[in-house]
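Student: My questions will all concern the structure given below.
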Amino acid sequence: MVELAAGHKPNNPLAPVIGLSFFAIASGFLMSLIPLSLSAFGLDNELASWLASVFYLGLLIGAFFIERIVARVGHRHAFLAFLGLLIFSVAAQLILPNANVWLLARFVAGIAVAGVFVVVESWLLMTDTAKARAKRLGLYMTSLYGGSAVGQLAIDPLGTSGPLPYLFVIALLFLAMLAPLLIKSGQPQSQHSQKLQLTELKKLSRPAILGCLVSGLVLGPIYGLMPVYIAAQSEQAAFTGTLMAVIILGGMLVQPLVSYLSTRMAKSLLMALFCLFGAMGVVGIMQAVHFNVLMASYFILGAASFALYPIAITLACDALPIEKIVSATEIMLLSYSFGSVFGPLLAANLFASANGIMLYLGGCLFTTCIYMLIKSLKGISTDNTPVAG
């Protein structure tokens, strides 16, 4: 393990977690606001799918070069720069309500969000023990999903027309910048960051890479297509917002359990179990007769789907020295982004039935469960030895 330089304060998670919380509220609100505000700005509603796709394309492309920026300027300045870039993209949408401008702005936003994710994840993961990493990543995911859920609540009081909702998003992003601006100590040393070599890439845990990929394949359709699916079910349509909030709430509340279990059992086995529960949630949604059962099934699906990424990324980083973690989180985000780009396309086109997205999600989760189970039973995953009690 690389020693800290003399006088350098230990890596402190306070600034990234506070900043991330405000970012998550803004981002969660913005993701719902954009498709709902198109008509108010005189834009075609069919633009929504293109805006989502170009955002994930930006996320994908951004993942290729963010590590170099972080290594050059450090975590704190990179965090501020990416938040500033995101503010610029939102302001451009508000000032110039034009389809081409919005497409370009969402592409830039995707790059900025990729930067935020890599900076915060690597900042939190650059610590000495697997237990500390799991604990910090659980805090990260709870802040991210909790903020996203809170952001949905701003739709009713602020509406989706006019400049006010977008100004609210910009204000939240400025608040997110305050923590890294005011808390100047405790960031990881930028000189620690080293790029993974090709030979090292081949040694990265395959279950970890697949876990991030499947996370994108599942969460992309949940974010992009699930509201449409729920609204198309006559008995569920009036509860679209509620059921989406239940999915995200499941993702938020499962994080402490993920943090607890990921240091006590093989991570590939843990991903297998969550995938199995997720597939059971899909069956419950398709077969539910009572609304309470339906809500419980959506909750289970959300918990299982949002559990995969934190488990996979800690698995990828467990065997790595601190100086390689920024590069590893970049690769994991790249895997997630590939899934996010292609997931909605596959979910929309693989199955022609009304329950197409559910069949797709169930198939993804169940096949991943089988793969992870085989890996864990054969003992060929790269998990660390589980920690006792």
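Every chain in the structure tokens takes a letter, A first, then B, and so on in the order presented; its residues are numbered from 1, and the ligands are numbered from 1 following the presented order.
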Using backbone DSSP assignments, extract all helix (DSSP H, G or I) residues from range 156-359 of chain A; output them as a PyMOL selection string.

Tutor: chain A and resi 156-158+164-182+190-192+198-203+206-224+226-232+237-253+255-261+267-287+291-318+322-349+356-359

Student: Skip range 53-70 of chain A itself and residues of its chain fewer than 4 positions away, then list as a list in words all residues within 8 Å of it, counting only C-alpha atoms.

Tutor: Ser49, Gly74, His75, Ala78, Leu103, Arg106, Phe107, Val108, Ala109, Gly110, Ile111, Ala112, Val113, Ala114, Gly115, Val118, Val119, Ser190, Lys195, Val326, Ser327, Glu330, Ile331, Leu333, Leu334, Ser337, Phe338, Ser340 and Val341 of chain A

Student: Would you tabulate, counting only C-alpha atoms, all residues of range 252-364 of chain A that have an atom at most 6 Å from an atom of range 216-230 of chain A, showing the closest pair of atoms and their distance in Å to one decimal, sorted by chain then ascending number, as a tab-separated table?

Tutor:
```
residue	atom	partner	partner_atom	distance
A:Tyr336	CA	A:Gly216	CA	4.5
A:Gly339	CA	A:Gly216	CA	4.0
A:Ser340	CA	A:Gly216	CA	4.2
A:Gly343	CA	A:Leu217	CA	4.2
A:Pro344	CA	A:Pro221	CA	4.6
```

Student: Those selected residues, please, written with C-alpha atoms and delivered as a compact mmCIF listing (two decimals), in the first residue's frame.

Tutor:
```
# COMPACT_ATOMS: atom_id res chain seq x y z
CA TYR A 336 -22.13 0.31 -16.97
CA GLY A 339 -25.28 -1.45 -20.71
CA SER A 340 -27.15 1.84 -20.27
CA GLY A 343 -30.37 -1.77 -22.49
CA PRO A 344 -33.33 0.42 -23.51
```

Student: Please provide the set of residues having any atom within 12 Å of Met271 in chain A, restricted to only C-alpha atoms, with same-chain residues fewer than 2 positions apart removed, written as an NGL selection string.

Tutor: :A and (207-208 or 210-212 or 214-215 or 258 or 261-262 or 265-269 or 273-278 or 303-315 or 365-376 or 381 or 383)

Student: Set the distance at 9 Å and use only C-alpha atoms: which residues neighbour Ala40 in chain A once local chain neighbours fewer than 3 positions away are removed? I'd like the list as a ChimeraX atom specification.

Tutor: /A:36-37,43,160-162

Student: Can you write just those residues out, N, CA and C atoms, as a PDB file, in the first residue's frame?

Tutor:
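Wrote it out as out.pdb, contents follow:
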```pdb
ATOM      1  N   LEU A  36     -40.737  15.757 -19.560  1.00  0.00           N
ATOM      2  CA  LEU A  36     -42.036  16.345 -19.235  1.00  0.00           C
ATOM      3  C   LEU A  36     -42.149  17.809 -19.644  1.00  0.00           C
ATOM      4  N   SER A  37     -41.022  18.468 -19.892  1.00  0.00           N
ATOM      5  CA  SER A  37     -41.054  19.900 -20.204  1.00  0.00           C
ATOM      6  C   SER A  37     -40.900  20.200 -21.694  1.00  0.00           C
ATOM      7  N   LEU A  43     -40.997  21.892 -28.079  1.00  0.00           N
ATOM      8  CA  LEU A  43     -40.220  20.814 -28.686  1.00  0.00           C
ATOM      9  C   LEU A  43     -41.063  19.549 -28.799  1.00  0.00           C
ATOM     10  N   THR A 160     -43.466  21.672 -14.479  1.00  0.00           N
ATOM     11  CA  THR A 160     -42.516  21.306 -15.525  1.00  0.00           C
ATOM     12  C   THR A 160     -42.470  22.319 -16.666  1.00  0.00           C
ATOM     13  N   SER A 161     -43.029  23.495 -16.454  1.00  0.00           N
ATOM     14  CA  SER A 161     -43.017  24.522 -17.505  1.00  0.00           C
ATOM     15  C   SER A 161     -42.364  25.796 -16.981  1.00  0.00           C
ATOM     16  N   GLY A 162     -41.841  26.575 -17.900  1.00  0.00           N
ATOM     17  CA  GLY A 162     -41.194  27.815 -17.514  1.00  0.00           C
ATOM     18  C   GLY A 162     -39.773  27.617 -17.020  1.00  0.00           C
TER      19      GLY A 162
END
```

Student: My list of candidates is A:Leu350, A:Ile357, A:Gln236, A:Ser122. Which is closest to Ala328 in chain A when distances are computed with only C-alpha atoms?

Tutor: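 Closest to Ala328 in chain A, using only C-alpha atoms: A:Ser122.
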
Student: What's the 12 Å shell around range 90-101 of chain A, counting only C-alpha atoms, without same-chain residues fewer than 3 positions away, as an NGL selection string?

Tutor: :A and (26-27 or 30-31 or 33-34 or 37-48 or 50-51 or 54 or 83-87 or 104-110 or 112 or 161-174)

Student: Quick one: everything within 7 Å of range 244-253 of chain A, counting only C-alpha atoms, minus sequence neighbours fewer than 3 positions away in the same chain. Send it as a list in words.

Tutor: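 Final neighbour list, sorted by chain and number: Met141, Thr142, Tyr145, Gly146, Ala149, Pro227, Thr240, Gly241, Pro256, Met295, Tyr298, Phe299, Ile300, Leu301, Gly302, Ala303, Phe306 and Ala307 of chain A.
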
Student: If we count only C-alpha atoms and set the cut-off at 10 Å, which residues sit around Met358 in chain A, ignoring sequence neighbours fewer than 4 positions away in its own chain? Please answer as a PDB file with all heavy atoms, in the first residue's frame.

Tutor:
```
ATOM      1  N   PRO A 221     -33.215   0.620 -18.895  1.00  0.00           N
ATOM      2  CA  PRO A 221     -34.648   0.476 -19.153  1.00  0.00           C
ATOM      3  C   PRO A 221     -35.530   0.884 -17.971  1.00  0.00           C
ATOM      4  O   PRO A 221     -36.627   1.399 -18.166  1.00  0.00           O
ATOM      5  CB  PRO A 221     -34.802  -1.021 -19.453  1.00  0.00           C
ATOM      6  CG  PRO A 221     -33.473  -1.451 -19.924  1.00  0.00           C
ATOM      7  CD  PRO A 221     -32.480  -0.631 -19.143  1.00  0.00           C
ATOM      8  N   ILE A 222     -35.071   0.644 -16.732  1.00  0.00           N
ATOM      9  CA  ILE A 222     -35.890   1.038 -15.578  1.00  0.00           C
ATOM     10  C   ILE A 222     -36.077   2.547 -15.559  1.00  0.00           C
ATOM     11  O   ILE A 222     -37.191   3.056 -15.355  1.00  0.00           O
ATOM     12  CB  ILE A 222     -35.257   0.529 -14.266  1.00  0.00           C
ATOM     13  CG1 ILE A 222     -35.511  -0.976 -14.123  1.00  0.00           C
ATOM     14  CG2 ILE A 222     -35.827   1.277 -13.057  1.00  0.00           C
ATOM     15  CD1 ILE A 222     -34.880  -1.606 -12.901  1.00  0.00           C
ATOM     16  N   MET A 226     -39.536   2.170 -17.842  1.00  0.00           N
ATOM     17  CA  MET A 226     -40.465   1.702 -16.818  1.00  0.00           C
ATOM     18  C   MET A 226     -41.648   2.653 -16.595  1.00  0.00           C
ATOM     19  O   MET A 226     -42.793   2.194 -16.443  1.00  0.00           O
ATOM     20  CB  MET A 226     -39.732   1.454 -15.504  1.00  0.00           C
ATOM     21  CG  MET A 226     -40.588   0.775 -14.446  1.00  0.00           C
ATOM     22  SD  MET A 226     -41.102  -0.908 -14.936  1.00  0.00           S
ATOM     23  CE  MET A 226     -39.611  -1.811 -14.543  1.00  0.00           C
ATOM     24  N   TYR A 229     -44.134   1.876 -19.223  1.00  0.00           N
ATOM     25  CA  TYR A 229     -44.775   0.579 -18.986  1.00  0.00           C
ATOM     26  C   TYR A 229     -45.855   0.693 -17.916  1.00  0.00           C
ATOM     27  O   TYR A 229     -46.976   0.195 -18.084  1.00  0.00           O
ATOM     28  CB  TYR A 229     -43.726  -0.452 -18.560  1.00  0.00           C
ATOM     29  CG  TYR A 229     -44.321  -1.738 -18.027  1.00  0.00           C
ATOM     30  CD1 TYR A 229     -44.807  -2.715 -18.890  1.00  0.00           C
ATOM     31  CD2 TYR A 229     -44.431  -1.965 -16.650  1.00  0.00           C
ATOM     32  CE1 TYR A 229     -45.376  -3.884 -18.408  1.00  0.00           C
ATOM     33  CE2 TYR A 229     -44.995  -3.131 -16.156  1.00  0.00           C
ATOM     34  CZ  TYR A 229     -45.468  -4.085 -17.039  1.00  0.00           C
ATOM     35  OH  TYR A 229     -46.046  -5.238 -16.558  1.00  0.00           O
ATOM     36  N   ALA A 279     -35.374 -11.281 -10.213  1.00  0.00           N
ATOM     37  CA  ALA A 279     -36.217 -12.063 -11.123  1.00  0.00           C
ATOM     38  C   ALA A 279     -37.539 -12.432 -10.454  1.00  0.00           C
ATOM     39  O   ALA A 279     -38.607 -12.415 -11.100  1.00  0.00           O
ATOM     40  CB  ALA A 279     -35.470 -13.322 -11.564  1.00  0.00           C
ATOM     41  N   GLY A 281     -38.994 -10.605  -8.208  1.00  0.00           N
ATOM     42  CA  GLY A 281     -39.755  -9.367  -8.221  1.00  0.00           C
ATOM     43  C   GLY A 281     -40.472  -9.151  -9.544  1.00  0.00           C
ATOM     44  O   GLY A 281     -41.630  -8.702  -9.579  1.00  0.00           O
ATOM     45  N   VAL A 282     -39.798  -9.485 -10.648  1.00  0.00           N
ATOM     46  CA  VAL A 282     -40.419  -9.370 -11.979  1.00  0.00           C
ATOM     47  C   VAL A 282     -41.644 -10.280 -12.077  1.00  0.00           C
ATOM     48  O   VAL A 282     -42.711  -9.865 -12.556  1.00  0.00           O
ATOM     49  CB  VAL A 282     -39.397  -9.723 -13.078  1.00  0.00           C
ATOM     50  CG1 VAL A 282     -40.093  -9.887 -14.428  1.00  0.00           C
ATOM     51  CG2 VAL A 282     -38.326  -8.642 -13.167  1.00  0.00           C
ATOM     52  N   VAL A 283     -41.504 -11.527 -11.611  1.00  0.00           N
ATOM     53  CA  VAL A 283     -42.634 -12.457 -11.621  1.00  0.00           C
ATOM     54  C   VAL A 283     -43.779 -11.904 -10.778  1.00  0.00           C
ATOM     55  O   VAL A 283     -44.954 -11.959 -11.167  1.00  0.00           O
ATOM     56  CB  VAL A 283     -42.201 -13.848 -11.101  1.00  0.00           C
ATOM     57  CG1 VAL A 283     -43.411 -14.769 -10.958  1.00  0.00           C
ATOM     58  CG2 VAL A 283     -41.182 -14.461 -12.042  1.00  0.00           C
ATOM     59  N   ILE A 285     -44.494  -8.766 -10.153  1.00  0.00           N
ATOM     60  CA  ILE A 285     -45.130  -7.637 -10.860  1.00  0.00           C
ATOM     61  C   ILE A 285     -46.100  -8.146 -11.917  1.00  0.00           C
ATOM     62  O   ILE A 285     -47.215  -7.638 -12.069  1.00  0.00           O
ATOM     63  CB  ILE A 285     -44.054  -6.741 -11.505  1.00  0.00           C
ATOM     64  CG1 ILE A 285     -43.253  -6.018 -10.416  1.00  0.00           C
ATOM     65  CG2 ILE A 285     -44.693  -5.719 -12.456  1.00  0.00           C
ATOM     66  CD1 ILE A 285     -41.989  -5.347 -10.916  1.00  0.00           C
ATOM     67  N   MET A 286     -45.689  -9.180 -12.649  1.00  0.00           N
ATOM     68  CA  MET A 286     -46.533  -9.691 -13.736  1.00  0.00           C
ATOM     69  C   MET A 286     -47.734 -10.473 -13.222  1.00  0.00           C
ATOM     70  O   MET A 286     -48.766 -10.542 -13.898  1.00  0.00           O
ATOM     71  CB  MET A 286     -45.687 -10.572 -14.667  1.00  0.00           C
ATOM     72  CG  MET A 286     -44.596  -9.814 -15.401  1.00  0.00           C
ATOM     73  SD  MET A 286     -43.509 -10.892 -16.385  1.00  0.00           S
ATOM     74  CE  MET A 286     -44.634 -11.503 -17.624  1.00  0.00           C
ATOM     75  N   ALA A 347     -34.517  -3.795 -24.589  1.00  0.00           N
ATOM     76  CA  ALA A 347     -35.793  -3.973 -23.884  1.00  0.00           C
ATOM     77  C   ALA A 347     -36.973  -3.602 -24.760  1.00  0.00           C
ATOM     78  O   ALA A 347     -38.045  -4.211 -24.679  1.00  0.00           O
ATOM     79  CB  ALA A 347     -35.803  -3.129 -22.606  1.00  0.00           C
ATOM     80  N   PHE A 351     -38.808  -8.154 -27.210  1.00  0.00           N
ATOM     81  CA  PHE A 351     -40.095  -8.799 -26.974  1.00  0.00           C
ATOM     82  C   PHE A 351     -41.224  -7.898 -27.465  1.00  0.00           C
ATOM     83  O   PHE A 351     -41.253  -6.710 -27.177  1.00  0.00           O
ATOM     84  CB  PHE A 351     -40.290  -9.106 -25.485  1.00  0.00           C
ATOM     85  CG  PHE A 351     -39.237 -10.015 -24.915  1.00  0.00           C
ATOM     86  CD1 PHE A 351     -38.155  -9.498 -24.228  1.00  0.00           C
ATOM     87  CD2 PHE A 351     -39.327 -11.392 -25.087  1.00  0.00           C
ATOM     88  CE1 PHE A 351     -37.176 -10.331 -23.699  1.00  0.00           C
ATOM     89  CE2 PHE A 351     -38.352 -12.232 -24.562  1.00  0.00           C
ATOM     90  CZ  PHE A 351     -37.281 -11.704 -23.876  1.00  0.00           C
ATOM     91  N   SER A 353     -44.510  -8.349 -26.804  1.00  0.00           N
ATOM     92  CA  SER A 353     -45.700  -8.337 -25.953  1.00  0.00           C
ATOM     93  C   SER A 353     -45.757  -7.085 -25.095  1.00  0.00           C
ATOM     94  O   SER A 353     -44.780  -6.344 -24.959  1.00  0.00           O
ATOM     95  CB  SER A 353     -45.704  -9.571 -25.045  1.00  0.00           C
ATOM     96  OG  SER A 353     -44.708  -9.449 -24.051  1.00  0.00           O
ATOM     97  N   ALA A 354     -46.922  -6.867 -24.474  1.00  0.00           N
ATOM     98  CA  ALA A 354     -47.113  -5.708 -23.593  1.00  0.00           C
ATOM     99  C   ALA A 354     -46.192  -5.780 -22.384  1.00  0.00           C
ATOM    100  O   ALA A 354     -45.826  -4.754 -21.810  1.00  0.00           O
ATOM    101  CB  ALA A 354     -48.575  -5.638 -23.145  1.00  0.00           C
ATOM    102  N   GLY A 362     -36.474  -9.766 -16.443  1.00  0.00           N
ATOM    103  CA  GLY A 362     -36.418 -11.086 -15.827  1.00  0.00           C
ATOM    104  C   GLY A 362     -35.363 -11.966 -16.465  1.00  0.00           C
ATOM    105  O   GLY A 362     -34.621 -12.674 -15.769  1.00  0.00           O
ATOM    106  N   GLY A 363     -35.273 -11.931 -17.801  1.00  0.00           N
ATOM    107  CA  GLY A 363     -34.268 -12.722 -18.509  1.00  0.00           C
ATOM    108  C   GLY A 363     -32.852 -12.295 -18.161  1.00  0.00           C
ATOM    109  O   GLY A 363     -31.972 -13.135 -17.922  1.00  0.00           O
ATOM    110  N   CYS A 364     -32.614 -10.977 -18.126  1.00  0.00           N
ATOM    111  CA  CYS A 364     -31.287 -10.450 -17.768  1.00  0.00           C
ATOM    112  C   CYS A 364     -30.874 -10.898 -16.368  1.00  0.00           C
ATOM    113  O   CYS A 364     -29.759 -11.384 -16.155  1.00  0.00           O
ATOM    114  CB  CYS A 364     -31.306  -8.912 -17.805  1.00  0.00           C
ATOM    115  SG  CYS A 364     -30.835  -8.217 -19.391  1.00  0.00           S
TER     116      CYS A 364
END
```

Student: Just the number, please: distance in Å from CA of His77 in chain A to CA of Ala176 in chain A, one decimal.

Tutor: 13.1 Å

Student: Between A:Ser148, A:Ser234, A:Thr127, A:Ser89, which one has atoms that come closest to Phe23 in chain A, using only C-alpha atoms?

Tutor: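 Going through A:Ser148, A:Ser234, A:Thr127, A:Ser89 one by one, the smallest distance to Phe23 in chain A is for A:Ser148.
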